[in-house]
file start.cif (mmCIF, C-alpha atoms and all ligand atoms)
data_run
#
loop_
_atom_site.label_atom_id
_atom_site.label_comp_id
_atom_site.auth_asym_id
_atom_site.auth_seq_id
_atom_site.Cartn_x
_atom_site.Cartn_y
_atom_site.Cartn_z
CA MET A 1 6.13 -15.76 -0.74
CA ARG A 2 3.07 -13.56 -0.87
CA LYS A 3 0.05 -15.12 0.80
CA LYS A 4 -3.06 -15.32 -1.37
CA VAL A 5 -5.95 -13.20 -0.15
CA ILE A 6 -9.55 -13.86 -1.18
CA ALA A 7 -11.99 -11.11 -0.29
CA GLY A 8 -15.73 -11.04 -0.80
CA ASN A 9 -17.39 -7.71 -1.56
CA TRP A 10 -21.04 -8.16 -0.65
CA LYS A 11 -21.95 -4.71 -2.04
CA MET A 12 -25.49 -3.61 -1.03
CA TYR A 13 -26.79 -7.12 -0.51
CA ASN A 14 -27.93 -9.03 2.58
CA ASP A 15 -29.90 -7.74 5.53
CA ILE A 16 -29.05 -9.17 8.96
CA PRO A 17 -30.89 -12.52 8.68
CA ALA A 18 -29.38 -13.11 5.23
CA SER A 19 -25.93 -12.17 6.55
CA VAL A 20 -26.27 -14.63 9.44
CA LYS A 21 -27.23 -17.39 6.98
CA LEU A 22 -24.38 -16.69 4.56
CA ILE A 23 -21.70 -16.43 7.25
CA SER A 24 -22.95 -19.56 9.04
CA GLU A 25 -22.82 -21.55 5.80
CA LEU A 26 -19.37 -20.22 4.93
CA LYS A 27 -18.05 -21.08 8.37
CA LYS A 28 -19.40 -24.60 8.06
CA ASN A 29 -17.76 -24.98 4.62
CA LEU A 30 -14.38 -23.70 5.84
CA ALA A 31 -14.27 -25.58 9.15
CA GLY A 32 -11.43 -28.08 9.20
CA LEU A 33 -9.90 -26.92 5.91
CA ASP A 34 -6.18 -26.25 5.86
CA LEU A 35 -6.58 -22.76 4.39
CA LYS A 36 -3.72 -21.59 2.21
CA ALA A 37 -5.36 -18.21 1.64
CA GLU A 38 -6.54 -15.42 3.88
CA VAL A 39 -10.29 -14.98 3.72
CA ILE A 40 -12.01 -11.63 4.16
CA ILE A 41 -15.70 -10.81 3.97
CA CYS A 42 -16.90 -7.24 3.41
CA PRO A 43 -20.60 -7.02 4.32
CA PRO A 44 -22.58 -3.76 4.34
CA PHE A 45 -22.10 -1.52 7.39
CA THR A 46 -25.37 -2.73 8.95
CA SER A 47 -24.12 -6.33 9.16
CA LEU A 48 -20.58 -5.68 10.42
CA ASP A 49 -21.34 -6.06 14.11
CA THR A 50 -23.30 -9.28 13.54
CA ALA A 51 -20.46 -10.57 11.35
CA LYS A 52 -17.88 -9.72 14.02
CA THR A 53 -19.67 -11.96 16.52
CA LEU A 54 -20.23 -14.80 14.05
CA ILE A 55 -16.65 -15.02 12.76
CA LYS A 56 -15.03 -14.85 16.21
CA ASP A 57 -14.05 -18.52 16.28
CA SER A 58 -13.11 -18.80 12.60
CA ALA A 59 -10.30 -17.82 10.23
CA ILE A 60 -12.54 -15.34 8.43
CA MET A 61 -11.54 -11.68 8.69
CA LEU A 62 -13.74 -8.64 8.40
CA GLY A 63 -13.62 -5.69 6.07
CA ALA A 64 -15.88 -2.76 5.20
CA GLN A 65 -16.71 -1.42 1.75
CA ASN A 66 -15.99 2.25 2.32
CA MET A 67 -15.19 4.91 4.94
CA TYR A 68 -14.70 8.67 5.22
CA PHE A 69 -11.31 10.20 6.01
CA GLU A 70 -12.43 12.51 8.83
CA GLU A 71 -12.38 11.24 12.41
CA SER A 72 -15.84 12.49 13.40
CA GLY A 73 -18.12 15.44 12.78
CA ALA A 74 -21.06 16.68 10.78
CA TYR A 75 -20.75 14.26 7.85
CA THR A 76 -24.24 12.82 7.57
CA GLY A 77 -24.30 9.31 6.26
CA GLU A 78 -20.56 8.71 6.58
CA VAL A 79 -18.61 6.23 8.72
CA SER A 80 -15.10 6.76 10.11
CA ALA A 81 -12.08 4.45 10.26
CA GLU A 82 -12.33 4.36 14.06
CA MET A 83 -15.96 3.24 13.85
CA LEU A 84 -14.95 0.42 11.50
CA LYS A 85 -12.16 -0.63 13.86
CA SER A 86 -14.59 -0.74 16.75
CA THR A 87 -16.82 -3.10 14.83
CA GLY A 88 -14.00 -5.55 14.24
CA CYS A 89 -12.83 -4.52 10.76
CA GLN A 90 -9.23 -5.11 9.78
CA TYR A 91 -9.73 -4.17 6.14
CA VAL A 92 -11.58 -1.57 4.11
CA ILE A 93 -12.22 -1.52 0.36
CA LEU A 94 -11.32 1.91 -1.04
CA GLY A 95 -11.55 3.27 -4.57
CA HIS A 96 -13.96 0.63 -5.85
CA SER A 97 -15.10 1.53 -9.37
CA GLU A 98 -18.70 1.84 -8.18
CA ARG A 99 -17.53 4.49 -5.69
CA ARG A 100 -15.52 6.21 -8.42
CA THR A 101 -18.30 6.25 -11.02
CA ILE A 102 -21.61 6.40 -9.12
CA PHE A 103 -20.38 8.46 -6.16
CA LYS A 104 -17.82 10.51 -8.11
CA GLU A 105 -14.86 9.68 -5.85
CA THR A 106 -11.61 11.14 -7.14
CA ASP A 107 -8.06 9.80 -6.85
CA GLU A 108 -7.34 12.62 -4.38
CA LEU A 109 -10.27 11.68 -2.13
CA ILE A 110 -9.30 8.01 -2.28
CA ASN A 111 -5.75 8.97 -1.29
CA LYS A 112 -7.04 10.79 1.81
CA LYS A 113 -9.10 7.75 2.76
CA ILE A 114 -6.17 5.37 2.26
CA LYS A 115 -3.91 7.53 4.45
CA LYS A 116 -6.52 7.76 7.19
CA ALA A 117 -7.25 4.03 7.07
CA ILE A 118 -3.56 3.21 7.57
CA LEU A 119 -3.17 5.76 10.34
CA SER A 120 -6.10 4.12 12.12
CA GLY A 121 -4.74 0.59 11.75
CA LEU A 122 -6.97 -0.57 8.90
CA ASN A 123 -5.58 -2.31 5.82
CA PRO A 124 -6.93 -0.75 2.62
CA ILE A 125 -7.94 -2.92 -0.32
CA PHE A 126 -7.20 -0.28 -2.92
CA CYS A 127 -9.05 -0.81 -6.22
CA VAL A 128 -7.82 0.39 -9.58
CA GLY A 129 -8.87 -0.43 -13.12
CA GLU A 130 -9.68 0.89 -16.56
CA THR A 131 -13.03 1.19 -18.35
CA LEU A 132 -13.72 -0.60 -21.63
CA GLU A 133 -13.33 2.68 -23.51
CA GLN A 134 -9.93 3.29 -21.91
CA ARG A 135 -8.79 -0.26 -22.74
CA GLU A 136 -9.95 0.14 -26.33
CA ASN A 137 -8.24 3.48 -26.82
CA GLY A 138 -4.98 2.13 -25.42
CA THR A 139 -4.85 4.17 -22.21
CA THR A 140 -5.06 1.32 -19.67
CA GLU A 141 -1.50 1.83 -18.43
CA SER A 142 -1.70 5.60 -18.12
CA VAL A 143 -5.06 5.41 -16.31
CA ILE A 144 -3.74 2.84 -13.84
CA SER A 145 -0.50 4.71 -13.43
CA THR A 146 -2.40 7.84 -12.34
CA GLN A 147 -4.75 5.90 -10.06
CA VAL A 148 -1.82 4.13 -8.36
CA SER A 149 0.52 7.10 -8.02
CA VAL A 150 -2.13 9.56 -6.78
CA GLY A 151 -3.88 6.96 -4.63
CA LEU A 152 -0.66 6.03 -2.85
CA SER A 153 0.79 9.55 -2.76
CA GLY A 154 2.48 10.33 0.56
CA LEU A 155 2.61 6.70 1.71
CA SER A 156 5.92 5.32 2.97
CA ALA A 157 7.28 1.86 2.12
CA GLU A 158 6.20 0.85 5.62
CA ASP A 159 2.65 2.07 4.90
CA LEU A 160 2.64 0.17 1.61
CA LYS A 161 3.02 -3.11 3.52
CA LYS A 162 -0.53 -2.60 4.83
CA VAL A 163 -2.06 -2.08 1.37
CA ILE A 164 -3.61 -4.72 -0.86
CA VAL A 165 -4.02 -3.53 -4.43
CA ALA A 166 -7.00 -4.91 -6.35
CA TYR A 167 -6.86 -4.71 -10.14
CA GLU A 168 -10.46 -4.59 -11.26
CA PRO A 169 -11.04 -3.81 -14.93
CA VAL A 170 -14.34 -1.91 -14.85
CA TRP A 171 -15.58 -3.77 -17.94
CA ALA A 172 -15.30 -7.07 -16.06
CA ILE A 173 -17.13 -6.09 -12.86
CA GLY A 174 -20.55 -7.67 -12.62
CA THR A 175 -20.66 -8.20 -16.38
CA GLY A 176 -19.73 -11.86 -16.59
CA LYS A 177 -16.77 -10.83 -18.78
CA THR A 178 -13.52 -11.85 -17.13
CA ALA A 179 -10.09 -10.64 -18.16
CA THR A 180 -8.15 -13.60 -19.50
CA PRO A 181 -5.46 -14.82 -17.09
CA GLU A 182 -2.87 -13.39 -19.52
CA GLN A 183 -4.59 -9.98 -19.74
CA ALA A 184 -4.84 -9.79 -15.95
CA GLN A 185 -1.26 -10.99 -15.39
CA GLN A 186 0.02 -8.34 -17.82
CA VAL A 187 -1.63 -5.52 -15.85
CA HIS A 188 -0.53 -7.00 -12.52
CA VAL A 189 3.07 -6.99 -13.78
CA PHE A 190 2.59 -3.38 -14.85
CA ILE A 191 1.23 -2.41 -11.40
CA ARG A 192 4.16 -4.15 -9.71
CA SER A 193 6.59 -2.31 -11.99
CA LEU A 194 4.96 0.98 -11.00
CA LEU A 195 5.37 0.08 -7.33
CA ARG A 196 9.01 -0.79 -8.03
CA LYS A 197 9.53 2.71 -9.46
CA LEU A 198 7.60 4.45 -6.70
CA TYR A 199 9.22 2.41 -3.88
CA SER A 200 11.73 -0.40 -4.36
CA ASP A 201 12.05 -3.96 -5.67
CA GLU A 202 11.60 -5.34 -2.20
CA ALA A 203 8.53 -3.23 -1.42
CA ALA A 204 6.91 -4.06 -4.77
CA GLU A 205 7.53 -7.80 -4.39
CA GLY A 206 5.78 -7.77 -1.03
CA VAL A 207 2.50 -6.24 -2.23
CA THR A 208 -0.49 -8.52 -2.66
CA ILE A 209 -2.25 -7.68 -5.93
CA GLN A 210 -5.71 -9.18 -6.24
CA TYR A 211 -7.68 -9.55 -9.45
CA GLY A 212 -11.38 -8.70 -9.44
CA GLY A 213 -14.01 -8.84 -12.15
CA SER A 214 -16.45 -11.75 -12.57
CA VAL A 215 -14.24 -14.21 -10.68
CA LYS A 216 -16.18 -17.48 -10.45
CA PRO A 217 -15.44 -21.05 -9.37
CA GLU A 218 -14.91 -21.92 -13.06
CA ASN A 219 -12.19 -19.34 -13.75
CA ALA A 220 -10.58 -18.80 -10.34
CA ALA A 221 -7.91 -21.50 -10.49
CA LEU A 222 -6.46 -20.33 -13.79
CA LEU A 223 -6.44 -16.67 -12.75
CA LEU A 224 -4.87 -17.51 -9.39
CA SER A 225 -2.17 -19.62 -11.03
CA GLN A 226 -0.62 -16.52 -12.62
CA ALA A 227 2.63 -15.45 -10.98
CA ASP A 228 1.50 -11.94 -10.06
CA ILE A 229 -2.14 -12.63 -9.21
CA ASP A 230 -2.08 -12.93 -5.45
CA GLY A 231 -5.75 -13.32 -4.75
CA ALA A 232 -9.20 -12.24 -5.77
CA LEU A 233 -11.74 -9.59 -4.91
CA VAL A 234 -15.03 -11.33 -5.55
CA GLY A 235 -18.42 -9.67 -5.97
CA GLY A 236 -21.36 -11.73 -7.23
CA ALA A 237 -19.82 -15.13 -6.53
CA CYS A 238 -19.22 -14.36 -2.85
CA LEU A 239 -22.96 -14.12 -2.17
CA LYS A 240 -23.32 -17.90 -2.26
CA ALA A 241 -21.31 -19.77 0.37
CA ASP A 242 -20.56 -22.69 -1.94
CA SER A 243 -19.21 -20.64 -4.85
CA PHE A 244 -17.11 -18.45 -2.52
CA THR A 245 -15.77 -21.58 -0.82
CA SER A 246 -14.86 -23.06 -4.17
CA ILE A 247 -12.88 -19.91 -5.08
CA ILE A 248 -11.13 -20.03 -1.70
CA LYS A 249 -10.21 -23.67 -2.33
CA SER A 250 -8.74 -22.72 -5.72
CA ALA A 251 -6.29 -20.50 -3.91
C1 LIG B 1 -16.44 -6.35 -7.22
O1 LIG B 1 -17.51 -5.96 -6.78
O2 LIG B 1 -15.40 -5.91 -6.78
C2 LIG B 1 -16.47 -7.38 -8.27
C3 LIG B 1 -15.33 -7.77 -8.77
O3 LIG B 1 -17.71 -7.88 -8.66
P1 LIG B 1 -17.97 -9.17 -9.59
O4 LIG B 1 -17.14 -10.29 -9.04
O5 LIG B 1 -19.44 -9.42 -9.45
O6 LIG B 1 -17.57 -8.80 -10.97
#
call {"tool": "encode", "arguments": {"input": "start.cif", "output": "structure tokens"}}
result
Amino acid sequence: MRKKVIAGNWKMYNDIPASVKLISELKKNLAGLDLKAEVIICPPFTSLDTAKTLIKDSAIMLGAQNMYFEESGAYTGEVSAEMLKSTGCQYVILGHSERRTIFKETDELINKKIKKAILSGLNPIFCVGETLEQRENGTTESVISTQVSVGLSGLSAEDLKKVIVAYEPVWAIGTGKTATPEQAQQVHVFIRSLLRKLYSDEAAEGVTIQYGGSVKPENAALLLSQADIDGALVGGACLKADSFTSIIKSA
């Protein structure tokens, strides 16, 4: 049985006081619950150290939203996997559509980051997904196939165990438009079939595939009830402790 994983991508929101408030409220909400899902928060870099201290006595785990693949050096503005590890991160979001579109990250760059993250002991949350135009012109599967095969290129079946795949249709991120549970399930099945071809039945069955794109308390339960939807990557709705808690409870 794959464990459900609910991750919150805070994006570029919350300074330190706001981060302290959100984490404190979330901790209070989750205290005493018999959690059936793993819970990860991914605050901005500036709040990671504060988050590490605050979540110490809770079930919440920490992730970052990006990293660079080099160990150290003259890379102004970048952060390494080792730096993330030292601030308590166990996860890192890689290949998010905002990184792909706004910051022009390619599949090849994302692949280098994924390999470095795994080598350093971080678990990548590897995002893939098609744009509205790609969905409408019928290229969803070929787009995702390229993103998955290039993104995971060079990874062994053992490495794959550390990866969470997040299917995030670009047209559903931050737009309020959610893929229907059936639409999402169909792509999740496709991603798992790709993993089966690239690795094996056993390896593919073990991979957690999250759905992301306007997940809210109102739609989470139905999405998470699909056989191949193993969790959610939540943006907007993770910025309020109560709505994130409600999504966690749905899992
Ligand atoms: C995201 O940022 O990964 C995301 C899915 O955002 P939202 O939930 O706001 O669509």
call {"tool": "axis_aligned_box", "arguments": {"input": "start.cif", "around": "ligand LIG 1 (chain B)", "padding_each_side": "3 Å", "output": "JSON"}}
result
{"center_x": -17.4, "center_y": -8.1, "center_z": -8.9, "size_x": 10.1, "size_y": 10.4, "size_z": 10.2}
call {"tool": "closest_residue", "arguments": {"input": "start.cif", "among": "A:Glu82, A:Glu202, A:Glu218, A:Glu168", "to": "Ile247 of chain A", "atoms": "all atoms listed in the file"}}
result
A:Glu218
call {"tool": "closest_residue", "arguments": {"input": "start.cif", "among": "A:Phe126, A:Tyr199, A:Tyr75, A:Phe69", "to": "ligand LIG 1 (chain B)", "atoms": "all atoms listed in the file"}}
result
A:Phe126
call {"tool": "residues_near_ligand", "arguments": {"input": "start.cif", "ligand": "ligand LIG 1 (chain B)", "cutoff": "6 Å", "atoms": "all atoms listed in the file", "output": "ChimeraX atom specification"}}
result
/A:9,172-174,212-215,233-236
call {"tool": "residues_around", "arguments": {"input": "start.cif", "residues": "Val79 of chain A", "least_positions_apart": "2", "cutoff": "10 Å", "atoms": "all atoms listed in the file", "output": "list in words"}}
result
Phe45, Asn66, Met67, Tyr68, Phe69, Glu70, Glu71, Ser72, Tyr75, Thr76, Gly77, Ala81, Glu82, Met83 and Leu84 of chain A
call {"tool": "residues_around", "arguments": {"input": "start.cif", "residues": "segment 220-229 of chain A", "least_positions_apart": "3", "cutoff": "10 Å", "atoms": "all atoms listed in the file", "output": "JSON, numbers by chain"}}
result
{"A": [2, 4, 5, 166, 167, 178, 179, 180, 181, 182, 183, 184, 185, 186, 187, 188, 189, 190, 191, 192, 205, 207, 208, 209, 210, 211, 212, 214, 215, 216, 217, 232, 234, 246, 247, 248, 249, 250, 251]}
call {"tool": "atom_distance", "arguments": {"input": "start.cif", "atom1": "atom CA of Glu136 of chain A", "atom2": "atom CA of Trp171 of chain A"}}
result
10.8 Å
call {"tool": "closest_residue", "arguments": {"input": "start.cif", "among": "A:Lys161, A:Lys27, A:Lys112, A:His96", "to": "Gly129 of chain A", "atoms": "all atoms listed in the file"}}
result
A:His96
call {"tool": "atom_distance", "arguments": {"input": "start.cif", "atom1": "atom CA of Leu152 of chain A", "atom2": "atom CA of Lys115 of chain A"}}
result
8.1 Å
call {"tool": "decode", "arguments": {"input": "start.cif", "residues": "segment 6-130 of chain A", "atoms": "C-alpha atoms", "output": "CSV table (one decimal), in the first residue's frame"}}
result
chain,number,residue,atom,x,y,z
A,6,ILE,CA,0.1,15.8,1.3
A,7,ALA,CA,2.6,18.5,0.6
A,8,GLY,CA,2.1,22.3,0.8
A,9,ASN,CA,3.9,24.5,-1.6
A,10,TRP,CA,4.0,27.9,0.0
A,11,LYS,CA,5.6,29.5,-3.1
A,12,MET,CA,6.8,33.1,-2.4
A,13,TYR,CA,4.5,33.7,0.5
A,14,ASN,CA,5.1,34.3,4.2
A,15,ASP,CA,7.9,36.1,5.9
A,16,ILE,CA,9.2,34.7,9.2
A,17,PRO,CA,6.4,36.0,11.5
A,18,ALA,CA,3.7,34.7,9.1
A,19,SER,CA,5.5,31.4,8.9
A,20,VAL,CA,5.6,31.0,12.6
A,21,LYS,CA,1.9,31.8,12.8
A,22,LEU,CA,0.9,29.3,10.0
A,23,ILE,CA,3.1,26.5,11.4
A,24,SER,CA,1.9,27.0,14.9
A,25,GLU,CA,-1.7,26.8,13.8
A,26,LEU,CA,-1.1,23.8,11.7
A,27,LYS,CA,0.6,22.0,14.6
A,28,LYS,CA,-2.3,22.8,16.9
A,29,ASN,CA,-4.8,21.4,14.3
A,30,LEU,CA,-2.8,18.2,13.7
A,31,ALA,CA,-2.0,17.5,17.4
A,32,GLY,CA,-3.6,14.3,18.5
A,33,LEU,CA,-4.8,13.3,15.1
A,34,ASP,CA,-4.1,9.7,13.9
A,35,LEU,CA,-2.6,10.8,10.6
A,36,LYS,CA,-3.0,8.4,7.7
A,37,ALA,CA,-0.9,10.6,5.4
A,38,GLU,CA,2.5,12.1,5.5
A,39,VAL,CA,2.5,15.8,5.8
A,40,ILE,CA,5.2,18.0,4.2
A,41,ILE,CA,5.4,21.8,4.2
A,42,CYS,CA,7.6,23.7,1.7
A,43,PRO,CA,8.2,27.2,2.9
A,44,PRO,CA,10.5,29.7,1.1
A,45,PHE,CA,14.2,29.3,1.9
A,46,THR,CA,14.1,32.2,4.4
A,47,SER,CA,11.7,30.4,6.6
A,48,LEU,CA,13.2,26.9,6.5
A,49,ASP,CA,15.4,27.2,9.6
A,50,THR,CA,12.5,28.6,11.6
A,51,ALA,CA,10.2,25.8,10.4
A,52,LYS,CA,12.8,23.2,11.3
A,53,THR,CA,12.7,24.4,14.9
A,54,LEU,CA,8.9,24.7,15.1
A,55,ILE,CA,8.1,21.2,13.6
A,56,LYS,CA,10.7,19.3,15.7
A,57,ASP,CA,8.1,17.8,18.0
A,58,SER,CA,5.5,17.1,15.3
A,59,ALA,CA,4.8,14.8,12.4
A,60,ILE,CA,5.3,17.5,9.9
A,61,MET,CA,8.2,17.2,7.5
A,62,LEU,CA,10.1,19.8,5.7
A,63,GLY,CA,10.8,20.4,2.0
A,64,ALA,CA,12.2,23.2,-0.1
A,65,GLN,CA,10.9,24.6,-3.4
A,66,ASN,CA,14.0,24.4,-5.5
A,67,MET,CA,17.8,23.9,-5.4
A,68,TYR,CA,20.8,24.0,-7.7
A,69,PHE,CA,22.7,20.8,-8.7
A,70,GLU,CA,26.2,22.1,-8.0
A,71,GLU,CA,27.6,21.5,-4.5
A,72,SER,CA,29.0,25.0,-4.0
A,73,GLY,CA,30.6,27.8,-5.9
A,74,ALA,CA,30.0,31.1,-7.7
A,75,TYR,CA,26.3,30.6,-8.3
A,76,THR,CA,24.8,33.8,-7.0
A,77,GLY,CA,21.3,33.4,-5.6
A,78,GLU,CA,21.3,29.6,-5.7
A,79,VAL,CA,21.1,27.1,-2.8
A,80,SER,CA,22.6,23.6,-2.8
A,81,ALA,CA,21.2,20.2,-1.7
A,82,GLU,CA,23.6,20.1,1.2
A,83,MET,CA,22.4,23.5,2.4
A,84,LEU,CA,18.8,22.3,2.3
A,85,LYS,CA,19.8,19.1,4.2
A,86,SER,CA,21.5,21.2,6.9
A,87,THR,CA,18.3,23.2,7.4
A,88,GLY,CA,16.3,20.1,8.1
A,89,CYS,CA,14.8,19.4,4.6
A,90,GLN,CA,14.0,15.9,3.6
A,91,TYR,CA,12.2,16.9,0.4
A,92,VAL,CA,12.6,19.3,-2.4
A,93,ILE,CA,10.1,20.3,-5.1
A,94,LEU,CA,11.8,20.1,-8.6
A,95,GLY,CA,10.4,20.9,-12.0
A,96,HIS,CA,7.5,22.9,-10.8
A,97,SER,CA,5.7,24.5,-13.8
A,98,GLU,CA,6.5,28.0,-12.4
A,99,ARG,CA,10.2,27.1,-12.5
A,100,ARG,CA,9.8,25.7,-16.0
A,101,THR,CA,7.9,28.6,-17.5
A,102,ILE,CA,9.1,31.7,-15.6
A,103,PHE,CA,12.7,30.6,-14.9
A,104,LYS,CA,13.0,28.6,-18.2
A,105,GLU,CA,14.1,25.3,-16.5
A,106,THR,CA,14.5,22.5,-19.0
A,107,ASP,CA,14.0,18.8,-18.6
A,108,GLU,CA,17.7,18.3,-18.7
A,109,LEU,CA,18.4,20.8,-15.9
A,110,ILE,CA,15.6,19.3,-13.8
A,111,ASN,CA,17.2,15.9,-14.3
A,112,LYS,CA,20.6,17.1,-13.0
A,113,LYS,CA,18.8,18.6,-9.9
A,114,ILE,CA,16.9,15.3,-9.3
A,115,LYS,CA,20.1,13.3,-9.5
A,116,LYS,CA,21.9,15.6,-7.2
A,117,ALA,CA,19.0,15.7,-4.7
A,118,ILE,CA,19.0,11.9,-4.4
A,119,LEU,CA,22.8,11.7,-4.1
A,120,SER,CA,22.6,14.1,-1.2
A,121,GLY,CA,19.8,12.2,0.6
A,122,LEU,CA,16.9,14.5,-0.4
A,123,ASN,CA,13.6,13.1,-1.8
A,124,PRO,CA,12.6,15.0,-4.9
A,125,ILE,CA,8.9,15.9,-5.5
A,126,PHE,CA,9.2,15.9,-9.3
A,127,CYS,CA,6.5,17.9,-11.0
A,128,VAL,CA,5.2,17.2,-14.5
A,129,GLY,CA,2.1,18.5,-16.4
A,130,GLU,CA,0.8,19.8,-19.6
